[in-house]
$ cat upload.cif   # mmCIF, C-alpha atoms and all ligand atoms
data_my_file
loop_
_atom_site.label_atom_id
_atom_site.label_comp_id
_atom_site.auth_asym_id
_atom_site.auth_seq_id
_atom_site.Cartn_x
_atom_site.Cartn_y
_atom_site.Cartn_z
CA MET A 1 11.36 -81.80 -2.95
CA ASP A 2 10.89 -78.28 -4.28
CA ALA A 3 13.19 -79.11 -7.18
CA TRP A 4 11.45 -82.43 -7.90
CA PRO A 5 7.67 -81.90 -7.70
CA ARG A 6 5.39 -84.75 -8.74
CA GLU A 7 4.93 -83.36 -12.26
CA ARG A 8 8.67 -83.36 -12.91
CA VAL A 9 9.04 -86.96 -11.76
CA GLN A 10 6.05 -88.02 -13.86
CA ALA A 11 7.57 -86.26 -16.86
CA LEU A 12 10.75 -88.34 -16.42
CA TYR A 13 8.75 -91.53 -16.85
CA GLU A 14 6.85 -90.34 -19.90
CA LYS A 15 9.95 -90.18 -22.08
CA ILE A 16 11.71 -93.39 -21.06
CA THR A 17 12.56 -95.92 -23.79
CA PRO A 18 14.24 -99.37 -23.70
CA GLY A 19 17.38 -97.57 -24.90
CA ASP A 20 17.38 -95.49 -21.69
CA VAL A 21 17.23 -98.69 -19.62
CA GLU A 22 20.14 -100.22 -21.55
CA ALA A 23 22.18 -97.03 -21.10
CA ALA A 24 21.38 -96.96 -17.38
CA LEU A 25 22.54 -100.55 -17.03
CA THR A 26 25.96 -99.83 -18.51
CA ARG A 27 26.80 -96.69 -16.53
CA GLU A 28 28.99 -96.72 -13.44
CA GLU A 29 27.39 -93.67 -11.81
CA ARG A 30 23.71 -93.36 -12.36
CA SER A 31 21.62 -90.19 -12.56
CA VAL A 32 18.04 -89.64 -11.42
CA HIS A 33 17.03 -90.17 -15.03
CA ASP A 34 18.78 -93.56 -14.95
CA LEU A 35 16.99 -94.42 -11.72
CA ALA A 36 13.60 -93.66 -13.29
CA ALA A 37 14.55 -95.74 -16.34
CA LEU A 38 15.35 -98.74 -14.11
CA LEU A 39 12.14 -98.28 -12.15
CA SER A 40 9.98 -97.85 -15.24
CA PRO A 41 7.82 -100.49 -16.95
CA ALA A 42 10.35 -100.37 -19.82
CA ALA A 43 12.87 -102.07 -17.48
CA ILE A 44 10.74 -105.14 -16.82
CA PRO A 45 12.33 -107.19 -19.67
CA TYR A 46 15.75 -106.31 -18.19
CA LEU A 47 15.17 -107.61 -14.65
CA GLU A 48 17.63 -110.50 -15.05
CA SER A 49 20.43 -108.12 -16.10
CA MET A 50 19.52 -105.75 -13.27
CA ALA A 51 19.60 -108.66 -10.80
CA ARG A 52 23.08 -109.72 -11.91
CA GLU A 53 24.40 -106.17 -11.57
CA ALA A 54 22.67 -105.68 -8.20
CA GLN A 55 24.25 -108.89 -6.93
CA ARG A 56 27.70 -107.87 -8.18
CA LEU A 57 27.51 -104.43 -6.58
CA THR A 58 26.20 -105.76 -3.26
CA ARG A 59 28.95 -108.38 -3.02
CA TRP A 60 31.55 -105.77 -3.95
CA HIS A 61 30.50 -103.39 -1.18
CA PHE A 62 29.23 -105.77 1.51
CA GLY A 63 30.63 -109.22 0.75
CA ARG A 64 28.44 -112.24 1.28
CA THR A 65 27.08 -111.13 4.62
CA ILE A 66 23.64 -110.48 6.09
CA ASN A 67 23.35 -108.61 9.39
CA LEU A 68 20.69 -109.81 11.78
CA TYR A 69 18.64 -107.54 13.99
CA ALA A 70 15.45 -107.69 16.03
CA PRO A 71 12.88 -105.04 16.92
CA ILE A 72 11.87 -104.38 20.53
CA TYR A 73 8.58 -102.52 20.82
CA ILE A 74 8.79 -100.63 24.11
CA SER A 75 5.39 -98.93 23.81
CA ASN A 76 2.30 -99.20 21.62
CA LEU A 77 0.75 -95.93 22.84
CA CYS A 78 0.12 -93.53 20.00
CA ALA A 79 -1.64 -90.18 19.87
CA ALA A 80 -1.19 -89.85 16.12
CA ASP A 81 -3.76 -91.04 13.64
CA CYS A 82 -2.15 -92.60 10.58
CA VAL A 83 -5.03 -94.28 8.79
CA TYR A 84 -3.02 -97.32 7.67
CA CYS A 85 -1.61 -98.27 11.10
CA GLY A 86 -2.84 -100.67 13.76
CA PHE A 87 -1.36 -98.48 16.54
CA ALA A 88 -3.25 -95.35 15.40
CA ALA A 89 -5.38 -93.58 17.99
CA HIS A 90 -8.54 -94.26 15.92
CA SER A 91 -7.57 -97.57 14.33
CA GLY A 92 -10.58 -99.24 15.97
CA SER A 93 -8.38 -101.66 17.89
CA HIS A 94 -9.44 -102.61 21.40
CA GLU A 95 -6.37 -104.60 22.36
CA LYS A 96 -4.23 -103.52 25.31
CA ARG A 97 -1.96 -100.48 25.11
CA THR A 98 1.12 -100.56 27.27
CA THR A 99 4.53 -99.03 27.85
CA LEU A 100 7.25 -101.28 29.19
CA THR A 101 8.85 -100.47 32.53
CA PRO A 102 12.66 -100.32 32.71
CA ASP A 103 12.67 -103.83 34.24
CA GLN A 104 10.49 -105.15 31.44
CA ILE A 105 12.81 -103.58 28.85
CA ARG A 106 15.70 -105.35 30.56
CA GLN A 107 13.83 -108.66 30.35
CA GLU A 108 13.17 -108.17 26.63
CA CYS A 109 16.84 -107.37 26.09
CA GLN A 110 17.91 -110.42 28.08
CA ALA A 111 15.67 -112.68 26.00
CA LEU A 112 17.07 -111.36 22.71
CA ALA A 113 20.67 -111.31 23.92
CA ALA A 114 20.29 -114.98 24.90
CA MET A 115 19.36 -115.72 21.30
CA GLY A 116 22.60 -114.12 20.11
CA TYR A 117 21.35 -110.73 18.92
CA GLN A 118 23.81 -107.83 19.13
CA ASN A 119 21.88 -105.36 17.02
CA ILE A 120 18.42 -104.19 18.05
CA LEU A 121 15.86 -101.58 17.11
CA LEU A 122 13.72 -99.94 19.83
CA LEU A 123 10.28 -98.83 18.65
CA THR A 124 7.45 -96.70 19.99
CA GLY A 125 4.36 -95.00 18.62
CA GLU A 126 4.04 -91.22 18.73
CA ALA A 127 3.07 -90.30 22.28
CA PRO A 128 5.63 -87.72 23.38
CA ARG A 129 3.79 -86.97 26.64
CA ALA A 130 3.35 -90.56 27.80
CA VAL A 131 6.56 -91.79 26.16
CA PRO A 132 8.91 -88.78 26.33
CA VAL A 133 12.43 -88.56 24.98
CA ASP A 134 14.00 -89.10 28.40
CA TYR A 135 12.13 -92.42 28.76
CA ILE A 136 13.46 -93.45 25.33
CA ALA A 137 16.95 -92.30 26.37
CA GLU A 138 16.74 -94.56 29.42
CA ALA A 139 15.63 -97.44 27.20
CA VAL A 140 18.67 -96.84 24.97
CA SER A 141 20.93 -96.93 28.04
CA ILE A 142 19.39 -100.19 29.22
CA ALA A 143 19.70 -101.76 25.79
CA ARG A 144 23.34 -100.68 25.44
CA ALA A 145 24.15 -102.82 28.47
CA PHE A 146 23.16 -105.84 26.37
CA PHE A 147 23.89 -104.89 22.75
CA PRO A 148 26.72 -103.04 21.01
CA SER A 149 24.34 -101.64 18.39
CA VAL A 150 21.10 -99.93 19.39
CA SER A 151 18.86 -98.04 16.97
CA VAL A 152 15.45 -96.42 17.39
CA GLU A 153 12.36 -96.15 15.27
CA ILE A 154 10.36 -93.50 17.11
CA TYR A 155 8.60 -90.21 16.40
CA ALA A 156 10.64 -87.52 14.64
CA LEU A 157 12.86 -85.41 16.92
CA ASP A 158 14.80 -82.19 16.62
CA GLU A 159 18.58 -82.20 16.77
CA ASP A 160 18.68 -81.81 20.58
CA GLY A 161 16.42 -84.82 21.00
CA TYR A 162 18.61 -87.05 18.86
CA ARG A 163 21.69 -85.66 20.59
CA MET A 164 20.27 -86.75 23.95
CA LEU A 165 19.82 -90.30 22.63
CA CYS A 166 23.28 -90.38 21.01
CA ALA A 167 24.81 -89.37 24.34
CA ARG A 168 23.25 -92.51 25.85
CA GLY A 169 24.76 -94.77 23.21
CA LEU A 170 22.34 -94.63 20.28
CA GLU A 171 23.85 -95.74 17.00
CA GLY A 172 21.07 -95.64 14.41
CA VAL A 173 17.75 -94.01 13.55
CA THR A 174 15.07 -95.48 11.32
CA LEU A 175 12.41 -93.06 10.12
CA TYR A 176 10.15 -93.57 7.12
CA MET A 177 8.60 -90.66 5.30
CA GLU A 178 5.79 -93.17 4.49
CA THR A 179 5.05 -91.22 1.29
CA TYR A 180 6.89 -88.20 -0.05
CA ASP A 181 3.85 -87.03 -2.00
CA ARG A 182 2.77 -83.72 -0.52
CA GLU A 183 -0.86 -84.09 -1.60
CA THR A 184 -1.29 -87.63 -0.33
CA TYR A 185 0.61 -87.17 2.96
CA PRO A 186 -2.01 -85.04 4.81
CA LYS A 187 -4.81 -87.40 3.77
CA LEU A 188 -3.07 -90.26 5.57
CA HIS A 189 -1.82 -88.47 8.68
CA LEU A 190 -4.81 -86.99 10.45
CA SER A 191 -3.41 -85.91 13.82
CA GLY A 192 -0.29 -85.64 15.91
CA GLN A 193 3.11 -84.17 15.17
CA LYS A 194 3.41 -86.54 12.23
CA MET A 195 1.07 -84.27 10.31
CA ASP A 196 4.03 -81.89 9.95
CA TYR A 197 5.49 -83.03 6.62
CA VAL A 198 8.50 -80.71 6.67
CA PHE A 199 9.51 -81.58 10.24
CA ARG A 200 9.45 -85.26 9.36
CA LEU A 201 11.36 -84.72 6.12
CA ASP A 202 14.07 -82.78 7.97
CA ALA A 203 14.33 -85.20 10.88
CA MET A 204 17.00 -87.42 9.39
CA GLU A 205 19.30 -84.45 8.90
CA HIS A 206 18.69 -83.58 12.55
CA ALA A 207 19.73 -87.12 13.44
CA GLY A 208 22.83 -86.93 11.28
CA LEU A 209 23.88 -83.59 12.77
CA ALA A 210 23.37 -85.05 16.25
CA GLY A 211 25.88 -87.81 15.50
CA THR A 212 23.81 -90.81 14.43
CA ARG A 213 26.10 -93.27 12.66
CA ARG A 214 23.40 -95.20 10.80
CA MET A 215 20.19 -93.91 9.29
CA SER A 216 17.47 -95.92 7.56
CA ILE A 217 14.78 -94.35 5.43
CA GLY A 218 11.93 -95.76 3.38
CA VAL A 219 8.47 -95.36 1.98
CA LEU A 220 5.55 -97.47 3.09
CA LEU A 221 4.76 -99.31 -0.10
CA GLY A 222 1.06 -99.28 -0.85
CA LEU A 223 0.31 -95.68 0.12
CA PHE A 224 1.13 -94.02 -3.18
CA ASP A 225 2.46 -94.75 -6.67
CA TRP A 226 5.63 -96.70 -5.79
CA ARG A 227 7.51 -95.64 -8.92
CA ILE A 228 7.19 -91.94 -8.04
CA ASP A 229 7.88 -92.41 -4.33
CA ALA A 230 10.96 -94.50 -5.18
CA VAL A 231 12.50 -91.61 -7.14
CA TRP A 232 11.99 -89.29 -4.17
CA LEU A 233 13.40 -91.93 -1.83
CA GLY A 234 16.50 -92.22 -4.01
CA LEU A 235 16.91 -88.44 -4.03
CA HIS A 236 16.52 -88.27 -0.26
CA ALA A 237 19.13 -91.00 0.24
CA ARG A 238 21.64 -89.23 -2.03
CA HIS A 239 20.96 -85.94 -0.25
CA LEU A 240 21.64 -87.55 3.13
CA GLN A 241 24.80 -89.23 1.84
CA LYS A 242 26.10 -85.76 0.94
CA GLU A 243 24.84 -83.77 3.91
CA CYS A 244 25.46 -86.40 6.59
CA TRP A 245 28.55 -88.01 5.09
CA GLN A 246 29.69 -89.42 8.43
CA SER A 247 26.57 -91.58 8.67
CA ALA A 248 25.79 -94.73 6.70
CA VAL A 249 22.49 -94.43 4.84
CA ALA A 250 20.32 -97.51 4.42
CA LEU A 251 16.96 -98.18 2.80
CA SER A 252 14.06 -100.27 4.04
CA PHE A 253 11.24 -101.60 1.89
CA PRO A 254 8.22 -101.96 4.18
CA ARG A 255 5.20 -103.11 2.22
CA LEU A 256 1.65 -102.79 3.52
CA ARG A 257 -0.10 -106.12 3.50
CA HIS A 258 -2.70 -105.98 6.28
CA THR A 259 -4.41 -102.71 7.14
CA PRO A 260 -7.11 -101.58 9.59
CA ALA A 261 -10.66 -101.95 8.27
CA ARG A 262 -11.02 -98.20 7.66
CA PHE A 263 -8.15 -98.10 5.15
CA ALA A 264 -8.39 -99.58 1.66
CA LEU A 265 -5.07 -100.27 -0.02
CA GLU A 266 -5.17 -98.26 -3.23
CA HIS A 267 -1.63 -98.82 -4.48
CA PRO A 268 -0.75 -102.45 -3.80
CA VAL A 269 2.79 -103.42 -4.78
CA SER A 270 3.35 -106.89 -6.24
CA ASP A 271 6.33 -109.14 -5.46
CA ALA A 272 7.77 -108.45 -8.92
CA GLU A 273 7.43 -104.69 -8.40
CA LEU A 274 9.11 -104.91 -4.99
CA VAL A 275 12.00 -106.79 -6.57
CA GLN A 276 12.29 -104.25 -9.40
CA MET A 277 12.38 -101.40 -6.90
CA MET A 278 15.12 -103.05 -4.83
CA LEU A 279 17.23 -103.81 -7.91
CA ALA A 280 16.89 -100.28 -9.29
CA MET A 281 17.76 -98.78 -5.92
CA ARG A 282 20.83 -101.00 -5.58
CA LEU A 283 22.07 -99.81 -8.99
CA PHE A 284 21.43 -96.18 -8.01
CA LEU A 285 22.83 -96.47 -4.45
CA PRO A 286 25.53 -99.16 -4.51
CA GLU A 287 26.79 -98.35 -1.00
CA ALA A 288 23.45 -98.19 0.82
CA GLY A 289 22.51 -100.97 3.20
CA PHE A 290 19.16 -102.64 2.44
CA ASN A 291 16.98 -103.81 5.34
CA LEU A 292 14.30 -106.44 4.96
CA SER A 293 11.83 -107.07 7.77
CA THR A 294 9.59 -109.98 8.66
CA ARG A 295 6.68 -108.17 7.02
CA GLU A 296 7.60 -110.22 3.97
CA PRO A 297 6.95 -113.97 3.75
CA ALA A 298 9.78 -116.46 4.29
CA ALA A 299 9.93 -117.74 0.71
CA LEU A 300 10.28 -114.24 -0.76
CA ARG A 301 12.83 -113.16 1.88
CA ASP A 302 14.96 -116.18 1.12
CA ARG A 303 15.00 -115.32 -2.58
CA LEU A 304 15.88 -111.68 -1.91
CA ILE A 305 19.00 -112.55 0.11
CA SER A 306 21.20 -112.61 -2.97
CA LEU A 307 19.65 -109.57 -4.65
CA GLY A 308 20.88 -106.68 -2.54
CA VAL A 309 19.67 -107.23 1.02
CA THR A 310 22.32 -106.56 3.68
CA SER A 311 20.29 -106.70 6.89
CA MET A 312 17.34 -108.85 7.98
CA SER A 313 15.21 -109.01 11.10
CA ALA A 314 14.34 -112.45 12.41
CA GLY A 315 12.16 -113.90 15.12
CA SER A 316 10.34 -110.57 15.41
CA SER A 317 7.48 -109.55 17.63
CA THR A 318 5.64 -106.30 16.87
CA ARG A 319 3.97 -105.95 20.28
CA PRO A 320 5.55 -104.55 23.46
CA GLY A 321 6.92 -107.30 25.64
CA GLY A 322 6.61 -109.90 22.88
CA TYR A 323 9.81 -111.77 23.77
CA ALA A 324 9.57 -112.08 27.54
CA THR A 325 6.82 -110.06 29.25
CA HIS A 326 3.91 -110.90 26.93
CA ARG A 327 5.71 -113.71 25.16
CA GLU A 328 4.24 -114.89 21.85
CA GLY A 329 4.80 -116.00 18.32
CA TYR A 330 8.49 -115.62 17.57
CA THR A 331 9.14 -119.29 18.11
CA GLY A 332 6.17 -120.13 15.96
CA HIS A 333 3.85 -120.56 18.97
CA SER A 334 0.21 -119.63 18.72
CA ARG A 335 -0.60 -116.01 19.51
CA GLU A 336 -3.98 -116.86 20.94
CA GLY A 337 -4.54 -115.31 24.32
CA CYS A 338 -2.06 -112.49 23.79
CA GLU A 339 -3.97 -109.29 24.45
CA VAL A 340 -1.35 -106.65 23.80
CA LEU A 341 -1.85 -104.71 20.57
CA GLU A 342 0.69 -105.44 17.82
CA GLN A 343 1.52 -102.95 15.07
CA PHE A 344 1.25 -105.40 12.17
CA GLU A 345 1.20 -109.12 11.59
CA ILE A 346 4.51 -110.61 10.69
CA GLU A 347 4.66 -112.91 7.67
CA ASP A 348 7.94 -114.66 8.37
CA ASP A 349 7.54 -116.16 11.85
CA ARG A 350 10.49 -118.55 11.66
CA PRO A 351 12.71 -118.61 14.75
CA PRO A 352 16.14 -117.00 14.30
CA ALA A 353 17.91 -120.37 13.88
CA GLU A 354 15.81 -121.15 10.80
CA VAL A 355 16.49 -117.74 9.27
CA VAL A 356 20.21 -118.25 9.92
CA ALA A 357 20.02 -121.64 8.19
CA ALA A 358 18.26 -120.06 5.20
CA ILE A 359 20.95 -117.37 4.93
CA ARG A 360 23.68 -120.02 4.99
CA LYS A 361 21.83 -122.11 2.43
CA ALA A 362 21.84 -119.10 0.08
CA GLY A 363 25.64 -118.96 0.39
CA TYR A 364 25.80 -115.98 2.76
CA ASP A 365 27.19 -115.50 6.27
CA PRO A 366 24.73 -114.40 8.96
CA VAL A 367 26.42 -111.68 11.02
CA TRP A 368 25.23 -110.92 14.53
CA LYS A 369 27.72 -108.09 15.02
CA ASP A 370 29.96 -106.24 12.59
CA PHE A 371 32.05 -103.97 14.78
CA ASP A 372 33.53 -103.82 18.24
CA ARG A 373 32.07 -101.83 21.07
CA ALA A 374 35.41 -99.98 21.31
CA PHE A 375 34.84 -98.61 17.80
CA ASP A 376 31.86 -96.65 19.00
CA ALA A 377 33.60 -93.65 20.52
CA ILE A 378 30.84 -92.40 22.76
CA ASP A 379 32.15 -90.52 25.75
CA ASP A 380 30.85 -91.33 29.13
CA VAL A 381 27.98 -93.60 28.07
CA HIS A 382 25.74 -94.19 31.01
CA ILE A 383 24.91 -97.89 31.18
CA CYS A 384 22.03 -98.69 33.51
S1 LIG B 401 2.56 -95.09 12.00
FE1 LIG B 401 3.58 -94.52 13.92
S2 LIG B 401 2.77 -92.49 14.42
FE2 LIG B 401 1.39 -93.36 12.89
S3 LIG B 401 -0.26 -94.32 14.09
FE3 LIG B 401 1.30 -95.91 13.67
S4 LIG B 401 2.64 -95.87 15.45
FE4 LIG B 401 1.46 -93.96 15.47
#
$ encode --input "upload.cif" --output "C-alpha cells"
Amino acid sequence: MDAWPRERVQALYEKITPGDVEAALTREERSVHDLAALLSPAAIPYLESMAREAQRLTRWHFGRTINLYAPIYISNLCAADCVYCGFAAHSGSHEKRTTLTPDQIRQECQALAAMGYQNILLLTGEAPRAVPVDYIAEAVSIARAFFPSVSVEIYALDEDGYRMLCARGLEGVTLYMETYDRETYPKLHLSGQKMDYVFRLDAMEHAGLAGTRRMSIGVLLGLFDWRIDAVWLGLHARHLQKECWQSAVALSFPRLRHTPARFALEHPVSDAELVQMMLAMRLFLPEAGFNLSTREPAALRDRLISLGVTSMSAGSSTRPGGYATHREGYTGHSREGCEVLEQFEIEDDRPPAEVVAAIRKAGYDPVWKDFDRAFDAIDDVHIC
C-alpha cells in the first residue's frame, strides 16, 4: 500500500488507451498496468472478448465446477461501529442480538448437513469479549464433526489466534478489507478493533502463517471508487499468493445493496461494472477462486456462473440460528415473526435444490465437496 498510494493508482487510469486494453487482452501474464486497463472505462467495448478469455481461463484451472457452501451465523453481537452494517453497535436496529450455544450450533450444522452441504462458513460480528476466540474454536470443532471444510468470517486475529482455530480443524478464512483507501477507511469504521487499518490489512498473512489453506479477500463494493479499490485488491491477492504460497487465495465480490438509514451509498456499483470487475480480475488472477454470495439476485448469479465464479452460497440465512433455531427464509418461507437481527437481506432466496438445478442448466457441475477429509492433515483434531 505504501508503494501504491491512491495518486499512483489514479495516474495509471489517466493514461490508459484502447490500445492498452487490446495489449492486456493478448498477454499471458498481466501486470498491474494491464489490470487497470481491463478495469478502465476504455475496456467497456471489449467486455465480450474479456468474457470469452475469462471463461477459457476459469475452465482451464477449475473445469466446469461450482463449489457450494453455506454461511452459519453463530453470533450477531458486535461492539464495532461500521456505518454500512446492520450488525453495527449503533446501526439503529432493535432486533434481537444472540450468540448460539454449542447445542444450537450443532442443530444448525445438522440442518445444513442434511441438505448435503460439506463446506460451511462460520460468521460472527466483532465482540471479542462476548464471543472470544476459544468460543469460535469450539464452534469450529463442532462444525468439523459435520463438515470436512470449515471456514470462518470473524474479526481479524493475530497469528496465535488463527493457529488456535487451525488446530481445531479450520480450513479457510474470509476477511474483507472493505475498502483499501486509507482516507475513507476511518470514516466508515468508527469504533472497535476494526478501526486499526494495518492490523486488518496484515491479518490474512497472519492466517496464512498459521496454516490456513484457503483465504478469501474482497472489498465491499459501494464504499469507495470500485476501480481504485479493485487495483489494490488485485495487488493484495498477488502479494498473498507469493507470501502464503501454501494457501489458495480467492476473491469475493460483496456488493452493498441495502444499508442502514444513517449510511448513504455514495459509490453504487452497477451490474455491468460488477461484471467488468470480475472479468478483469479473472484475467489478472487466473488461479484465484471466485466466490459469489446470495447478496446478488438469482438472475444475475445464474448469468455469472460461466464467467469466472467457482464457488456459490445457496439457501443462506444471515441471522444466527436461521436454519434450525430461529428458522426462516432459506426455503422461501416468509420471514415475518423472526425477531433475530440479520446482517443483510439476501437477494437470492432460492432453496439449494433450485440453485443446483440452475448450475446444471448452465452446463456446470455443482460440487458439495472437492477433497477428502484424509487430505486435511491436521494432527489430533478435537471433534466435539
Ligand atoms: S461489518 Fe463486521 S465488525 Fe463491522 S459492524 Fe458489521 S459485523 Fe461488526
$ closest_residue --input "upload.cif" --among "A:Ala250, A:Cys109, A:Ala298, A:Met281" --to "A:Thr325" --atoms "only C-alpha atoms"
A:Cys109
$ closest_residue --input "upload.cif" --among "A:Glu342, A:Asp160, A:Asp81, A:Glu95" --to "A:Lys187" --atoms "all atoms listed in the file"
A:Asp81
$ residues_around --input "upload.cif" --residues "A:Gly234" --least-positions-apart "4" --cutoff "12 Å" --atoms "only C-alpha atoms" --output "PDB file with C-alpha atoms, keeping the file's coordinate frame"
ATOM      1  CA  MET A   1      11.360 -81.800  -2.950  1.00  0.00           C
ATOM      2  CA  TRP A   4      11.450 -82.430  -7.900  1.00  0.00           C
ATOM      3  CA  VAL A   9       9.040 -86.960 -11.760  1.00  0.00           C
ATOM      4  CA  ARG A  30      23.710 -93.360 -12.360  1.00  0.00           C
ATOM      5  CA  SER A  31      21.620 -90.190 -12.560  1.00  0.00           C
ATOM      6  CA  VAL A  32      18.040 -89.640 -11.420  1.00  0.00           C
ATOM      7  CA  HIS A  33      17.030 -90.170 -15.030  1.00  0.00           C
ATOM      8  CA  ASP A  34      18.780 -93.560 -14.950  1.00  0.00           C
ATOM      9  CA  LEU A  35      16.990 -94.420 -11.720  1.00  0.00           C
ATOM     10  CA  ALA A  36      13.600 -93.660 -13.290  1.00  0.00           C
ATOM     11  CA  LEU A  39      12.140 -98.280 -12.150  1.00  0.00           C
ATOM     12  CA  TYR A 180       6.890 -88.200  -0.050  1.00  0.00           C
ATOM     13  CA  ILE A 217      14.780 -94.350   5.430  1.00  0.00           C
ATOM     14  CA  GLY A 218      11.930 -95.760   3.380  1.00  0.00           C
ATOM     15  CA  VAL A 219       8.470 -95.360   1.980  1.00  0.00           C
ATOM     16  CA  TRP A 226       5.630 -96.700  -5.790  1.00  0.00           C
ATOM     17  CA  ARG A 227       7.510 -95.640  -8.920  1.00  0.00           C
ATOM     18  CA  ILE A 228       7.190 -91.940  -8.040  1.00  0.00           C
ATOM     19  CA  ASP A 229       7.880 -92.410  -4.330  1.00  0.00           C
ATOM     20  CA  ALA A 230      10.960 -94.500  -5.180  1.00  0.00           C
ATOM     21  CA  ARG A 238      21.640 -89.230  -2.030  1.00  0.00           C
ATOM     22  CA  HIS A 239      20.960 -85.940  -0.250  1.00  0.00           C
ATOM     23  CA  LEU A 240      21.640 -87.550   3.130  1.00  0.00           C
ATOM     24  CA  GLN A 241      24.800 -89.230   1.840  1.00  0.00           C
ATOM     25  CA  VAL A 249      22.490 -94.430   4.840  1.00  0.00           C
ATOM     26  CA  ALA A 250      20.320 -97.510   4.420  1.00  0.00           C
ATOM     27  CA  LEU A 251      16.960 -98.180   2.800  1.00  0.00           C
ATOM     28  CA  SER A 252      14.060-100.270   4.040  1.00  0.00           C
ATOM     29  CA  MET A 277      12.380-101.400  -6.900  1.00  0.00           C
ATOM     30  CA  MET A 278      15.120-103.050  -4.830  1.00  0.00           C
ATOM     31  CA  ALA A 280      16.890-100.280  -9.290  1.00  0.00           C
ATOM     32  CA  MET A 281      17.760 -98.780  -5.920  1.00  0.00           C
ATOM     33  CA  ARG A 282      20.830-101.000  -5.580  1.00  0.00           C
ATOM     34  CA  LEU A 283      22.070 -99.810  -8.990  1.00  0.00           C
ATOM     35  CA  PHE A 284      21.430 -96.180  -8.010  1.00  0.00           C
ATOM     36  CA  LEU A 285      22.830 -96.470  -4.450  1.00  0.00           C
ATOM     37  CA  PRO A 286      25.530 -99.160  -4.510  1.00  0.00           C
ATOM     38  CA  ALA A 288      23.450 -98.190   0.820  1.00  0.00           C
TER      39      ALA A 288
END
$ residues_near_ligand --input "upload.cif" --ligand "ligand LIG 401 (chain B)" --cutoff "6 Å" --atoms "all atoms listed in the file" --output "list of chain:residue names"
A:Cys78, A:Ala80, A:Asp81, A:Cys82, A:Cys85, A:Phe87, A:Ala88, A:Gly125, A:Glu126
$ atom_distance --input "upload.cif" --atom1 "atom CA of A:Leu209" --atom2 "atom CA of A:Val131"
23.4 Å
$ residues_around --input "upload.cif" --residues "stretch 354-370 of chain A" --least-positions-apart "2" --cutoff "12 Å" --atoms "only C-alpha atoms" --output "PyMOL selection string"
chain A and resi 58-59+62-70+112-113+115-120+147-150+293-294+297-316+330-332+348-352+372-373+375-376
$ closest_residue --input "upload.cif" --among "A:Glu243, A:Glu287, A:Asp181, A:Glu171" --to "A:Arg214" --atoms "all atoms listed in the file"
A:Glu171
$ atom_distance --input "upload.cif" --atom1 "atom CA of A:Phe253" --atom2 "atom CA of A:Val152"
16.9 Å
$ atom_distance --input "upload.cif" --atom1 "atom CA of A:Arg27" --atom2 "atom CA of A:Met50"
12.1 Å
$ closest_residue --input "upload.cif" --among "A:Ile105, A:Ala111, A:Leu47, A:Leu188" --to "A:Tyr135" --atoms "only C-alpha atoms"
A:Ile105
$ closest_residue --input "upload.cif" --among "A:Arg144, A:Arg295, A:Arg255, A:Arg182" --to "A:Met195" --atoms "only C-alpha atoms"
A:Arg182
$ closest_residue --input "upload.cif" --among "A:Lys15, A:Arg106, A:His90, A:Arg163" --to "A:Asp134" --atoms "only C-alpha atoms"
A:Arg163
$ residues_near_point --input "upload.cif" --point "(15.5, -83.2, 10.9)" --cutoff "12 Å" --atoms "only C-alpha atoms" --output "NGL selection string"
:A and (155-163 or 173 or 175 or 177 or 196-210 or 212 or 215 or 240 or 243-244)
$ write_last_selection --input "upload.cif" --atoms "C-alpha atoms" --output "CSV table (one decimal), keeping the file's coordinate frame"
chain,number,residue,atom,x,y,z
A,155,TYR,CA,8.6,-90.2,16.4
A,156,ALA,CA,10.6,-87.5,14.6
A,157,LEU,CA,12.9,-85.4,16.9
A,158,ASP,CA,14.8,-82.2,16.6
A,159,GLU,CA,18.6,-82.2,16.8
A,160,ASP,CA,18.7,-81.8,20.6
A,161,GLY,CA,16.4,-84.8,21.0
A,162,TYR,CA,18.6,-87.0,18.9
A,163,ARG,CA,21.7,-85.7,20.6
A,173,VAL,CA,17.8,-94.0,13.6
A,175,LEU,CA,12.4,-93.1,10.1
A,177,MET,CA,8.6,-90.7,5.3
A,196,ASP,CA,4.0,-81.9,10.0
A,197,TYR,CA,5.5,-83.0,6.6
A,198,VAL,CA,8.5,-80.7,6.7
A,199,PHE,CA,9.5,-81.6,10.2
A,200,ARG,CA,9.4,-85.3,9.4
A,201,LEU,CA,11.4,-84.7,6.1
A,202,ASP,CA,14.1,-82.8,8.0
A,203,ALA,CA,14.3,-85.2,10.9
A,204,MET,CA,17.0,-87.4,9.4
A,205,GLU,CA,19.3,-84.4,8.9
A,206,HIS,CA,18.7,-83.6,12.6
A,207,ALA,CA,19.7,-87.1,13.4
A,208,GLY,CA,22.8,-86.9,11.3
A,209,LEU,CA,23.9,-83.6,12.8
A,210,ALA,CA,23.4,-85.0,16.2
A,212,THR,CA,23.8,-90.8,14.4
A,215,MET,CA,20.2,-93.9,9.3
A,240,LEU,CA,21.6,-87.6,3.1
A,243,GLU,CA,24.8,-83.8,3.9
A,244,CYS,CA,25.5,-86.4,6.6
